[in-house]
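Working notes for the structure below.
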Amino acid sequence: PNGETSETLTVTENGEYTLTINTYNNDRSLTCTKSDTAMVVFNPNPIADFSGDNLEHCAPLTVNMSDLTTYSDGQAHTDITLTYQWSIIDQYNQVVLTSSLAEPQFTIQDAGLYHVQLIVTTPSGCIDTMYKPNYLLVKPQPVADFVANPERTNMSEMGEGIRFTNITDVTIFDPSDAITWTWDYGDGNGNDNNVDGLHAYDSWGEYTVTLTIETASGCRSTITHPVYVEADLEFPNVMTPNGDNVNDVFAIRNMNPALPNILSIYDRWGTRV
């Protein structure tokens, strides 16, 4: 600008500038003038921004990041190659994942809220940062499991039924997160929604028992285990091999050949024979 007397000049636009320096003696009777030109080129400042395609999901959460960086002069500047520094930061302000790709993919295993930060740098050293707090929400993913007691029984020993103990880890859930439990006992006789299960079977067979868990936030898990209900053994207490087709042979019915079976015979005095 004209009239400046300092050693520093400030300009606001690109272009070629002519610099003219005038010096005078005390009474201005002598004047020295010197001119030169300078080309000024402004490097555009980046304006960092981004978006993610999957901001809320059950663990693990996979999110693809899109770079939305623009420039202060409104131009595209496709000739500029930016340097990227991405950071995924947990709720304790610890950096858990990083990337230097333009549009990275992140997979977060642990439940919680996560902040995302992007720092972009131009080759000329112009820097900008975009920080989005609580940008990603990873919901706890349940892992259903249970044990049956007993896992194998006979019809005559059924009693009140087989007990199913839910051993799902519920400590990962927020106390306010409502959980739905659904038991399917595999015999078509309806389900129940208790935390633990109890069921009596009406007939012998192998049954597939299913426990399904679903949280209020939509995270779901299913596990299946088999239980076995054996038919009661049927065998005669006498044998009369007289050819009348009644107890001619000693035959034990409903014996499971897959299990070890031991037959012991005793006489009327209790002596093993």
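Chain identifiers are assigned as A, B, and so on, following the order in which chains appear in the structure tokens; residues are numbered from 1 within each chain, and ligands are numbered from 1 in order of appearance.
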Within segment 24-178 of chain A, find each residue whose DSSP state, derived from the backbone, is strand (DSSP E or B), and express the selection as a PyMOL selection string.
chain A and resi 24+31-40+46-47+50-52+56-58+61-67+70-71+83-90+95-99+105-108+112-121+127-139+146-149+152-154+162-166
Env of segment 74-91 of chain A: 10 Å cut, atoms = only C-alpha atoms, seq-sep filter 2 positions within chain, self excluded. Answer as a PyMOL selection string.
chain A and resi 44-48+65+67+69-72+93-104+106+108+110-127+129-131+133-136
Using C-alpha atoms, can you export the residues from the last selection as a PDB file, in the first residue's frame?
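For reference, out_20.pdb as written:
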```
ATOM      1  CA  PRO A  44      -5.458 -21.555  -0.226  1.00  0.00           C
ATOM      2  CA  ASN A  45      -6.298 -22.603   3.316  1.00  0.00           C
ATOM      3  CA  PRO A  46      -7.993 -26.009   3.624  1.00  0.00           C
ATOM      4  CA  ILE A  47     -11.251 -26.248   5.582  1.00  0.00           C
ATOM      5  CA  ALA A  48     -11.329 -29.758   7.050  1.00  0.00           C
ATOM      6  CA  MET A  65     -15.020 -42.075   6.432  1.00  0.00           C
ATOM      7  CA  ASP A  67     -13.272 -36.562   3.164  1.00  0.00           C
ATOM      8  CA  THR A  69     -12.446 -30.901   2.882  1.00  0.00           C
ATOM      9  CA  THR A  70     -12.890 -27.652   0.912  1.00  0.00           C
ATOM     10  CA  TYR A  71     -10.746 -24.516   0.465  1.00  0.00           C
ATOM     11  CA  SER A  72     -11.071 -20.967   1.701  1.00  0.00           C
ATOM     12  CA  ASN A  93      -9.390 -39.149  25.435  1.00  0.00           C
ATOM     13  CA  GLN A  94      -7.139 -42.021  24.435  1.00  0.00           C
ATOM     14  CA  VAL A  95      -6.375 -42.416  20.727  1.00  0.00           C
ATOM     15  CA  VAL A  96      -7.414 -45.960  19.811  1.00  0.00           C
ATOM     16  CA  LEU A  97      -7.173 -45.905  16.003  1.00  0.00           C
ATOM     17  CA  THR A  98      -5.341 -43.763  13.441  1.00  0.00           C
ATOM     18  CA  SER A  99      -4.986 -43.549   9.670  1.00  0.00           C
ATOM     19  CA  SER A 100      -3.214 -41.449   7.052  1.00  0.00           C
ATOM     20  CA  LEU A 101      -5.529 -42.469   4.204  1.00  0.00           C
ATOM     21  CA  ALA A 102      -7.806 -39.923   2.557  1.00  0.00           C
ATOM     22  CA  GLU A 103     -10.927 -41.993   3.241  1.00  0.00           C
ATOM     23  CA  PRO A 104     -10.164 -44.783   5.699  1.00  0.00           C
ATOM     24  CA  PHE A 106     -12.283 -48.091  10.909  1.00  0.00           C
ATOM     25  CA  ILE A 108     -14.138 -50.431  16.620  1.00  0.00           C
ATOM     26  CA  ASP A 110     -15.377 -52.041  22.230  1.00  0.00           C
ATOM     27  CA  ALA A 111     -18.677 -50.410  23.175  1.00  0.00           C
ATOM     28  CA  GLY A 112     -18.748 -46.700  24.019  1.00  0.00           C
ATOM     29  CA  LEU A 113     -18.787 -43.173  22.617  1.00  0.00           C
ATOM     30  CA  TYR A 114     -15.944 -42.109  20.321  1.00  0.00           C
ATOM     31  CA  HIS A 115     -14.718 -38.734  19.067  1.00  0.00           C
ATOM     32  CA  VAL A 116     -13.262 -38.332  15.563  1.00  0.00           C
ATOM     33  CA  GLN A 117     -10.558 -35.847  14.566  1.00  0.00           C
ATOM     34  CA  LEU A 118      -9.204 -35.032  11.110  1.00  0.00           C
ATOM     35  CA  ILE A 119      -6.142 -32.842  10.492  1.00  0.00           C
ATOM     36  CA  VAL A 120      -5.399 -31.894   6.875  1.00  0.00           C
ATOM     37  CA  THR A 121      -2.177 -30.271   5.661  1.00  0.00           C
ATOM     38  CA  THR A 122      -1.326 -28.828   2.236  1.00  0.00           C
ATOM     39  CA  PRO A 123       2.150 -29.191   0.686  1.00  0.00           C
ATOM     40  CA  SER A 124       2.758 -25.519   1.527  1.00  0.00           C
ATOM     41  CA  GLY A 125       2.087 -26.172   5.219  1.00  0.00           C
ATOM     42  CA  CYS A 126      -1.446 -24.794   5.571  1.00  0.00           C
ATOM     43  CA  ILE A 127      -3.285 -26.793   8.271  1.00  0.00           C
ATOM     44  CA  THR A 129      -8.519 -29.463  12.012  1.00  0.00           C
ATOM     45  CA  MET A 130     -12.061 -30.804  12.318  1.00  0.00           C
ATOM     46  CA  TYR A 131     -13.017 -32.416  15.641  1.00  0.00           C
ATOM     47  CA  PRO A 133     -17.070 -35.123  19.767  1.00  0.00           C
ATOM     48  CA  ASN A 134     -19.240 -38.170  20.534  1.00  0.00           C
ATOM     49  CA  TYR A 135     -19.481 -38.818  16.804  1.00  0.00           C
ATOM     50  CA  LEU A 136     -19.611 -42.631  16.961  1.00  0.00           C
TER      51      LEU A 136
END
```
Residues near His225 of chain A, cut-off 8 Å, only C-alpha atoms, skip fewer than 2 positions along chain, as number ranges by chain
A: 208-210, 223, 227
With only C-alpha atoms as the basis for distance, which of A:Val147, A:Asp248, A:Asn43, A:Gly52 is at the shortest distance from Leu68 of chain A?
A:Gly52
Among the residues A:Gln141, A:Ser203, A:Asn193, A:Lys34, the one that comes closest to Asn22 of chain A [using only C-alpha atoms]:
A:Lys34
Between A:Cys58, A:Asp202, A:Pro236, A:Ser35, smallest distance to Phe173 of chain A by only C-alpha atoms belongs to A:Cys58
Between atom CA of Gly186 of chain A and atom CA of Arg220 of chain A, what is the spacing in Å?
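Distance between the two atoms: 19.6 Å.
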Rounded to one decimal place, report the atom CA of Asn26 of chain A-atom CA of Leu9 of chain A distance in Å.
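A separation of 24.6 Å between them.
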Could the residues of segment 116-153 of chain A that have an atom at most 10 Å from segment 174-182 of chain A be listed as CSV, each with its closest atom pair and the distance in Å to one decimal, counting only C-alpha atoms and ordered by chain and ascending residue number?
```
residue,atom,partner,partner_atom,distance
A:Lys139,CA,A:Asp174,CA,9.8
A:Pro140,CA,A:Asp174,CA,8.6
A:Pro142,CA,A:Ile179,CA,9.7
A:Ala144,CA,A:Trp181,CA,9.6
```
Keeping only all heavy atoms, take the residues you just selected and write them out as an mmCIF file, in the first residue's frame.
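Everything below was put into selection-v2.cif:
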```cif
data_model
loop_
_atom_site.group_PDB
_atom_site.id
_atom_site.type_symbol
_atom_site.label_atom_id
_atom_site.label_comp_id
_atom_site.auth_asym_id
_atom_site.auth_seq_id
_atom_site.Cartn_x
_atom_site.Cartn_y
_atom_site.Cartn_z
ATOM 1 N N LYS A 139 -22.617 -49.799 20.431
ATOM 2 C CA LYS A 139 -23.494 -50.380 21.450
ATOM 3 C C LYS A 139 -22.963 -51.748 21.897
ATOM 4 O O LYS A 139 -22.370 -52.470 21.101
ATOM 5 C CB LYS A 139 -24.910 -50.535 20.879
ATOM 6 C CG LYS A 139 -25.518 -49.253 20.360
ATOM 7 C CD LYS A 139 -26.834 -49.537 19.658
ATOM 8 C CE LYS A 139 -27.404 -48.299 19.005
ATOM 9 N NZ LYS A 139 -28.664 -48.584 18.261
ATOM 10 N N PRO A 140 -23.200 -52.117 23.165
ATOM 11 C CA PRO A 140 -22.748 -53.437 23.633
ATOM 12 C C PRO A 140 -23.428 -54.560 22.862
ATOM 13 O O PRO A 140 -24.636 -54.535 22.647
ATOM 14 C CB PRO A 140 -23.170 -53.451 25.106
ATOM 15 C CG PRO A 140 -23.354 -52.021 25.485
ATOM 16 C CD PRO A 140 -23.827 -51.325 24.245
ATOM 17 N N PRO A 142 -24.471 -58.340 22.972
ATOM 18 C CA PRO A 142 -24.586 -59.487 23.880
ATOM 19 C C PRO A 142 -24.070 -60.766 23.234
ATOM 20 O O PRO A 142 -24.096 -60.912 22.008
ATOM 21 C CB PRO A 142 -26.092 -59.565 24.139
ATOM 22 C CG PRO A 142 -26.710 -58.975 22.910
ATOM 23 C CD PRO A 142 -25.765 -57.891 22.462
ATOM 24 N N ALA A 144 -25.048 -64.556 23.946
ATOM 25 C CA ALA A 144 -25.938 -65.432 24.697
ATOM 26 C C ALA A 144 -25.267 -66.769 24.995
ATOM 27 O O ALA A 144 -24.501 -67.301 24.179
ATOM 28 C CB ALA A 144 -27.235 -65.658 23.914
#
```
Excluding Asn189 of chain A and its own-chain neighbours fewer than 2 positions away, which residues fall within 12 Å of it when counting only C-alpha atoms? Please give them as a list of chain:residue names.
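The filter keeps A:Trp183, A:Asp184, A:Tyr185, A:Gly186, A:Asp187, A:Asn191, A:Asp192, A:His199, A:Ala200, A:Tyr201, A:Asp202, A:Ser203, A:Tyr207, A:Val209.
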For C-alpha atoms, I'd like the residues from the last selection saved as a CSV table (one decimal), in the first residue's frame.
```csv
chain,number,residue,atom,x,y,z
A,183,TRP,CA,-36.5,-69.3,25.3
A,184,ASP,CA,-37.6,-71.8,22.6
A,185,TYR,CA,-37.5,-75.3,24.1
A,186,GLY,CA,-37.7,-77.0,20.7
A,187,ASP,CA,-40.9,-79.0,21.3
A,191,ASN,CA,-41.8,-69.9,24.6
A,192,ASP,CA,-41.1,-67.9,27.8
A,199,HIS,CA,-39.3,-76.9,31.0
A,200,ALA,CA,-40.9,-80.4,31.2
A,201,TYR,CA,-41.1,-82.4,28.1
A,202,ASP,CA,-44.1,-84.6,27.3
A,203,SER,CA,-42.3,-87.2,25.2
A,207,TYR,CA,-34.6,-81.3,21.5
A,209,VAL,CA,-33.1,-75.4,23.0
```
